[in-house]
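Below: one structure, written as structure tokens.
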Amino acid sequence: MKKIAAFFVLAIALMSAAPRFDNQTITQSTYITSLMSTRAIELGQVSGYAHDVKYGWNLDLDENITEIIAAQGGQFSPISTEQIISVSSSSPNDTLGGTGARSVTVECIRQDYSQEDIVIDLSGTTSSLSAVPCLYVNRAIVNESGSQRQNVGTITITQQVSGLVLRQIPIGSGITQSCQFIVPKGKRVLVEDITFTIIRYAGFLGARVEFTGAIFSPATNTVYRAFLITSDSSLDSGPVKIEHPYTFPREEGEVIWFEALTDRDDTRVTCRANLLIVDTE
């Protein structure tokens with residue numbers, strides 16, 4: 001009986017120490033397990049913290065050319081001046097009142113690095129312009145669709161003047177595919193983990209790919225390459241994951257992105273990065 005009584009005393013003590021969630025706030029946070037705190041942040045129950053996942057692919061890497069892991073491919077170059085952005089589709093059906101995507105919400109990063117979410121109505125293959133200029137774009141997502149319930153063309157977001165492609169929404173994906181993030185004003189970011197994958201497909205003989213994590217700091221006007229790892233799909237199986245690749249937070253205005261370099265044309269790769277975003281204001 002004494003053992004049973006002691007067990008119940010211990011159980012009550014543990015229950016009293018566990019976190020209690022009351023709608024949107026934690027009323028007691030003296031003891032929070034890693035699992036519970038992560039889930040609470042994901043559910044928006046921890047004020048000042050948020051999770052984001054950056055997912056992207058590049059389905060056409062060229063041999064011996066370093067490219068960003070994003071649907072549009074190419075290389076990243078820092079941008080110094082915000083511009084009006086242009087949004088268009090490869091399909092005339094992606095238009096207001098059409099059967100495909102009708103509008104998109106764009107996470108616009110302004111010149112001062114503040115983030116402003118703007119809705120842009122689509123006009124098919126004709127460009128639609130944003131009401132405000134953007135320095136970068138963190139993400140774009142289909143806001144509304146017609147009877148086909150998806151974007152039926154590739155939606156491309158470019159700077160109006162320079163023509164620089166900022167983001168793409170591939171056919172049917174509904175959201176930009178880009179493993180790149182710009183830290184907004186009033187935020188700090190921790191990159192918690194990153195997963196890279198080389199996609200195998202019929203006729204592909206495998207490739208040796210170098211994956212790189214890069215950071216641009218506007219404060220120092222310098223690009224930093226934080227890590228480089230190699231995967232060979234003819235030898236390895238499964239994804240490559242890196243835990244806590246950056247040991248210190250990234251600051252507002254900094255750009256985080258991931259690159260790939262292959263030894264074989266037509267290599268297809270994906271990237272997934274989990275981010276912890278912390279308010280500083």
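Residues in the structure tokens are numbered from 1 in each chain, the chains being A, B, ... in the order shown, and ligands are numbered from 1 in the order shown.
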Kindly provide the residues of range 86-197 of chain A that approach range 51-58 of chain A to within 8 Å, each paired with its closest atom pair and their distance in Å to one decimal, based on only C-alpha atoms, listed by chain and increasing number, as a tab-separated table.
residue	atom	partner	partner_atom	distance
A:Thr176	CA	A:Gly56	CA	7.6
A:Gln177	CA	A:Gly56	CA	4.0
A:Ser178	CA	A:Gly56	CA	4.0
A:Cys179	CA	A:Gly56	CA	4.7
A:Gln180	CA	A:Lys54	CA	6.7
A:Phe181	CA	A:Lys54	CA	7.3
Nearest to Thr262 in chain A, chosen from A:Ser233, A:Gln111, A:Thr99, A:Thr156, with only C-alpha atoms counted in the distances: A:Ser233
List the neighbours of range 239-246 of chain A out to 6 Å using only C-alpha atoms; skip same-chain residues closer than 5 positions along the sequence, and give me the result as a PDB file with N, CA and C atoms, in the first residue's frame.
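Final output, saved to result.pdb:
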ATOM      1  N   GLU A 192      16.873  24.662 -37.940  1.00  0.00           N
ATOM      2  CA  GLU A 192      16.924  23.515 -37.041  1.00  0.00           C
ATOM      3  C   GLU A 192      17.473  22.263 -37.725  1.00  0.00           C
ATOM      4  N   ASP A 193      17.029  22.003 -38.936  1.00  0.00           N
ATOM      5  CA  ASP A 193      17.569  20.870 -39.681  1.00  0.00           C
ATOM      6  C   ASP A 193      17.246  21.024 -41.161  1.00  0.00           C
ATOM      7  N   ILE A 194      18.005  20.334 -41.990  1.00  0.00           N
ATOM      8  CA  ILE A 194      17.839  20.376 -43.439  1.00  0.00           C
ATOM      9  C   ILE A 194      17.932  18.946 -43.969  1.00  0.00           C
ATOM     10  N   THR A 195      17.074  18.617 -44.931  1.00  0.00           N
ATOM     11  CA  THR A 195      17.112  17.307 -45.577  1.00  0.00           C
ATOM     12  C   THR A 195      17.237  17.490 -47.084  1.00  0.00           C
ATOM     13  N   PHE A 196      18.214  16.825 -47.682  1.00  0.00           N
ATOM     14  CA  PHE A 196      18.414  16.861 -49.127  1.00  0.00           C
ATOM     15  C   PHE A 196      18.130  15.477 -49.711  1.00  0.00           C
ATOM     16  N   THR A 197      17.593  15.458 -50.923  1.00  0.00           N
ATOM     17  CA  THR A 197      17.308  14.203 -51.601  1.00  0.00           C
ATOM     18  C   THR A 197      17.693  14.302 -53.072  1.00  0.00           C
TER      19      THR A 197
END
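Among the candidate residues A:Gln45, A:Thr267, A:Ser91, A:Ser127, the one lying nearest to Ala202 in chain A is A:Thr267, with distances computed using only C-alpha atoms.
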Which of range 186-279 of chain A DSSP labels strand (DSSP E or B), written as a PyMOL selection string: chain A and resi 187-198+208-217+222-232+240-243+250+255-262+267-279
When you look at Val165 in chain A with a cut-off of 10 Å (counting only C-alpha atoms), what residues show up, excluding the ones that are within fewer than 4 positions of it in the same chain? I need them as a PDB file with N, CA and C atoms, in the first residue's frame.
ATOM      1  N   GLN A  72      12.829  27.565 -60.262  1.00  0.00           N
ATOM      2  CA  GLN A  72      13.319  28.341 -61.399  1.00  0.00           C
ATOM      3  C   GLN A  72      14.791  28.095 -61.700  1.00  0.00           C
ATOM      4  N   GLY A  73      15.526  27.440 -60.775  1.00  0.00           N
ATOM      5  CA  GLY A  73      16.936  27.172 -61.004  1.00  0.00           C
ATOM      6  C   GLY A  73      17.768  28.449 -61.019  1.00  0.00           C
ATOM      7  N   GLY A  74      18.951  28.350 -61.621  1.00  0.00           N
ATOM      8  CA  GLY A  74      19.840  29.510 -61.703  1.00  0.00           C
ATOM      9  C   GLY A  74      20.628  29.723 -60.426  1.00  0.00           C
ATOM     10  N   ILE A  85       6.703  44.016 -58.689  1.00  0.00           N
ATOM     11  CA  ILE A  85       6.849  42.668 -59.215  1.00  0.00           C
ATOM     12  C   ILE A  85       5.726  42.358 -60.201  1.00  0.00           C
ATOM     13  N   SER A  86       6.047  41.459 -61.110  1.00  0.00           N
ATOM     14  CA  SER A  86       5.127  41.042 -62.162  1.00  0.00           C
ATOM     15  C   SER A  86       4.815  39.564 -61.980  1.00  0.00           C
ATOM     16  N   VAL A  87       3.525  39.202 -62.065  1.00  0.00           N
ATOM     17  CA  VAL A  87       3.107  37.810 -61.892  1.00  0.00           C
ATOM     18  C   VAL A  87       2.345  37.371 -63.140  1.00  0.00           C
ATOM     19  N   THR A 156       4.987  32.526 -62.632  1.00  0.00           N
ATOM     20  CA  THR A 156       6.323  33.093 -62.447  1.00  0.00           C
ATOM     21  C   THR A 156       6.216  34.507 -61.884  1.00  0.00           C
ATOM     22  N   ILE A 157       7.055  34.775 -60.882  1.00  0.00           N
ATOM     23  CA  ILE A 157       7.095  36.090 -60.240  1.00  0.00           C
ATOM     24  C   ILE A 157       8.447  36.717 -60.541  1.00  0.00           C
ATOM     25  N   THR A 158       8.431  37.878 -61.186  1.00  0.00           N
ATOM     26  CA  THR A 158       9.677  38.543 -61.593  1.00  0.00           C
ATOM     27  C   THR A 158       9.665  40.001 -61.169  1.00  0.00           C
ATOM     28  N   GLN A 159      10.848  40.587 -61.113  1.00  0.00           N
ATOM     29  CA  GLN A 159      10.944  42.038 -60.966  1.00  0.00           C
ATOM     30  C   GLN A 159      10.561  42.681 -62.300  1.00  0.00           C
ATOM     31  N   GLN A 160       9.730  43.709 -62.244  1.00  0.00           N
ATOM     32  CA  GLN A 160       9.202  44.294 -63.476  1.00  0.00           C
ATOM     33  C   GLN A 160      10.294  44.899 -64.348  1.00  0.00           C
TER      34      GLN A 160
END
Neighbour list for range 250-259 of chain A as a PDB file with N, CA and C atoms, in the first residue's frame, cut-off 8 Å, only C-alpha atoms, skip fewer than 4 positions in-chain:
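The result, stored in selection22.pdb:
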ATOM      1  N   THR A  66      26.701  25.185 -60.441  1.00  0.00           N
ATOM      2  CA  THR A  66      26.033  25.327 -59.147  1.00  0.00           C
ATOM      3  C   THR A  66      24.722  26.090 -59.323  1.00  0.00           C
ATOM      4  N   GLU A  67      23.616  25.509 -58.822  1.00  0.00           N
ATOM      5  CA  GLU A  67      22.307  26.148 -58.923  1.00  0.00           C
ATOM      6  C   GLU A  67      21.608  26.127 -57.578  1.00  0.00           C
ATOM      7  N   ILE A  68      20.715  27.085 -57.358  1.00  0.00           N
ATOM      8  CA  ILE A  68      19.908  27.085 -56.157  1.00  0.00           C
ATOM      9  C   ILE A  68      18.872  25.971 -56.241  1.00  0.00           C
ATOM     10  N   ILE A  69      18.460  25.474 -55.091  1.00  0.00           N
ATOM     11  CA  ILE A  69      17.419  24.442 -55.060  1.00  0.00           C
ATOM     12  C   ILE A  69      16.074  25.156 -55.023  1.00  0.00           C
ATOM     13  N   ASP A 112      12.999  47.760 -46.290  1.00  0.00           N
ATOM     14  CA  ASP A 112      13.446  47.760 -44.897  1.00  0.00           C
ATOM     15  C   ASP A 112      13.344  46.375 -44.264  1.00  0.00           C
ATOM     16  N   TYR A 113      13.089  45.345 -45.081  1.00  0.00           N
ATOM     17  CA  TYR A 113      12.981  43.933 -44.701  1.00  0.00           C
ATOM     18  C   TYR A 113      11.673  43.577 -43.988  1.00  0.00           C
ATOM     19  N   CYS A 179      13.872  26.554 -51.679  1.00  0.00           N
ATOM     20  CA  CYS A 179      14.496  26.356 -50.369  1.00  0.00           C
ATOM     21  C   CYS A 179      15.376  27.572 -50.058  1.00  0.00           C
ATOM     22  N   GLN A 180      14.694  28.704 -49.902  1.00  0.00           N
ATOM     23  CA  GLN A 180      15.369  29.973 -49.649  1.00  0.00           C
ATOM     24  C   GLN A 180      14.500  30.790 -48.709  1.00  0.00           C
ATOM     25  N   PHE A 181      15.128  31.546 -47.792  1.00  0.00           N
ATOM     26  CA  PHE A 181      14.352  32.333 -46.834  1.00  0.00           C
ATOM     27  C   PHE A 181      15.076  33.635 -46.542  1.00  0.00           C
ATOM     28  N   ILE A 182      14.293  34.730 -46.519  1.00  0.00           N
ATOM     29  CA  ILE A 182      14.803  36.041 -46.141  1.00  0.00           C
ATOM     30  C   ILE A 182      14.254  36.368 -44.768  1.00  0.00           C
ATOM     31  N   VAL A 183      15.129  36.665 -43.816  1.00  0.00           N
ATOM     32  CA  VAL A 183      14.683  36.926 -42.450  1.00  0.00           C
ATOM     33  C   VAL A 183      14.000  38.296 -42.396  1.00  0.00           C
ATOM     34  N   PRO A 184      12.687  38.323 -42.068  1.00  0.00           N
ATOM     35  CA  PRO A 184      11.970  39.601 -42.060  1.00  0.00           C
ATOM     36  C   PRO A 184      12.399  40.514 -40.903  1.00  0.00           C
ATOM     37  N   LYS A 185      12.019  41.766 -41.010  1.00  0.00           N
ATOM     38  CA  LYS A 185      12.288  42.754 -39.964  1.00  0.00           C
ATOM     39  C   LYS A 185      11.627  42.321 -38.661  1.00  0.00           C
ATOM     40  N   GLY A 186      12.357  42.478 -37.557  1.00  0.00           N
ATOM     41  CA  GLY A 186      11.815  42.126 -36.258  1.00  0.00           C
ATOM     42  C   GLY A 186      11.857  40.652 -35.936  1.00  0.00           C
ATOM     43  N   LYS A 187      12.628  39.874 -36.722  1.00  0.00           N
ATOM     44  CA  LYS A 187      12.702  38.423 -36.528  1.00  0.00           C
ATOM     45  C   LYS A 187      14.159  37.965 -36.451  1.00  0.00           C
ATOM     46  N   ARG A 188      14.362  36.839 -35.778  1.00  0.00           N
ATOM     47  CA  ARG A 188      15.609  36.086 -35.844  1.00  0.00           C
ATOM     48  C   ARG A 188      15.229  34.660 -36.210  1.00  0.00           C
ATOM     49  N   VAL A 189      16.134  33.939 -36.867  1.00  0.00           N
ATOM     50  CA  VAL A 189      15.807  32.605 -37.365  1.00  0.00           C
ATOM     51  C   VAL A 189      16.900  31.620 -36.988  1.00  0.00           C
ATOM     52  N   LEU A 190      16.470  30.456 -36.500  1.00  0.00           N
ATOM     53  CA  LEU A 190      17.363  29.326 -36.295  1.00  0.00           C
ATOM     54  C   LEU A 190      17.012  28.243 -37.314  1.00  0.00           C
ATOM     55  N   PHE A 211      25.999  19.477 -51.882  1.00  0.00           N
ATOM     56  CA  PHE A 211      24.998  20.396 -51.354  1.00  0.00           C
ATOM     57  C   PHE A 211      25.692  21.425 -50.463  1.00  0.00           C
ATOM     58  N   THR A 212      25.318  22.694 -50.648  1.00  0.00           N
ATOM     59  CA  THR A 212      25.939  23.785 -49.905  1.00  0.00           C
ATOM     60  C   THR A 212      24.866  24.635 -49.248  1.00  0.00           C
ATOM     61  N   GLY A 213      25.147  25.064 -48.012  1.00  0.00           N
ATOM     62  CA  GLY A 213      24.295  26.031 -47.324  1.00  0.00           C
ATOM     63  C   GLY A 213      24.955  27.384 -47.333  1.00  0.00           C
ATOM     64  N   ALA A 214      24.237  28.416 -47.753  1.00  0.00           N
ATOM     65  CA  ALA A 214      24.827  29.748 -47.920  1.00  0.00           C
ATOM     66  C   ALA A 214      23.999  30.813 -47.206  1.00  0.00           C
ATOM     67  N   ILE A 215      24.668  31.890 -46.839  1.00  0.00           N
ATOM     68  CA  ILE A 215      24.039  33.025 -46.159  1.00  0.00           C
ATOM     69  C   ILE A 215      24.587  34.309 -46.770  1.00  0.00           C
ATOM     70  N   PHE A 216      23.689  35.256 -47.057  1.00  0.00           N
ATOM     71  CA  PHE A 216      24.137  36.599 -47.437  1.00  0.00           C
ATOM     72  C   PHE A 216      23.778  37.561 -46.315  1.00  0.00           C
ATOM     73  N   SER A 217      24.779  38.307 -45.840  1.00  0.00           N
ATOM     74  CA  SER A 217      24.568  39.304 -44.802  1.00  0.00           C
ATOM     75  C   SER A 217      24.658  40.695 -45.411  1.00  0.00           C
ATOM     76  N   PRO A 218      23.554  41.461 -45.435  1.00  0.00           N
ATOM     77  CA  PRO A 218      23.629  42.835 -45.945  1.00  0.00           C
ATOM     78  C   PRO A 218      24.452  43.743 -45.037  1.00  0.00           C
ATOM     79  N   CYS A 271      14.967  19.806 -51.346  1.00  0.00           N
ATOM     80  CA  CYS A 271      15.496  20.322 -50.087  1.00  0.00           C
ATOM     81  C   CYS A 271      14.323  20.661 -49.174  1.00  0.00           C
TER      82      CYS A 271
END
Selection: 8 Å around Gly172 in chain A, only C-alpha atoms, excl. self and same-chain fewer than 3 positions, as a list in words: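 Surrounding residues, per the criterion: Gln150, Asn151, Val152 and Gly153 of chain A.
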Next, dump the selected residues to file, keeping only N, CA and C atoms, as a PDB file, in the first residue's frame.
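File written: part-v4.pdb
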ATOM      1  N   GLN A 150      -6.501  23.978 -59.174  1.00  0.00           N
ATOM      2  CA  GLN A 150      -5.049  24.079 -59.131  1.00  0.00           C
ATOM      3  C   GLN A 150      -4.584  25.084 -60.181  1.00  0.00           C
ATOM      4  N   ASN A 151      -3.317  25.484 -60.059  1.00  0.00           N
ATOM      5  CA  ASN A 151      -2.737  26.283 -61.137  1.00  0.00           C
ATOM      6  C   ASN A 151      -2.393  25.344 -62.286  1.00  0.00           C
ATOM      7  N   VAL A 152      -2.903  25.635 -63.465  1.00  0.00           N
ATOM      8  CA  VAL A 152      -2.713  24.742 -64.614  1.00  0.00           C
ATOM      9  C   VAL A 152      -1.509  25.151 -65.459  1.00  0.00           C
ATOM     10  N   GLY A 153      -0.916  26.270 -65.125  1.00  0.00           N
ATOM     11  CA  GLY A 153       0.322  26.698 -65.777  1.00  0.00           C
ATOM     12  C   GLY A 153       1.380  26.977 -64.726  1.00  0.00           C
TER      13      GLY A 153
END
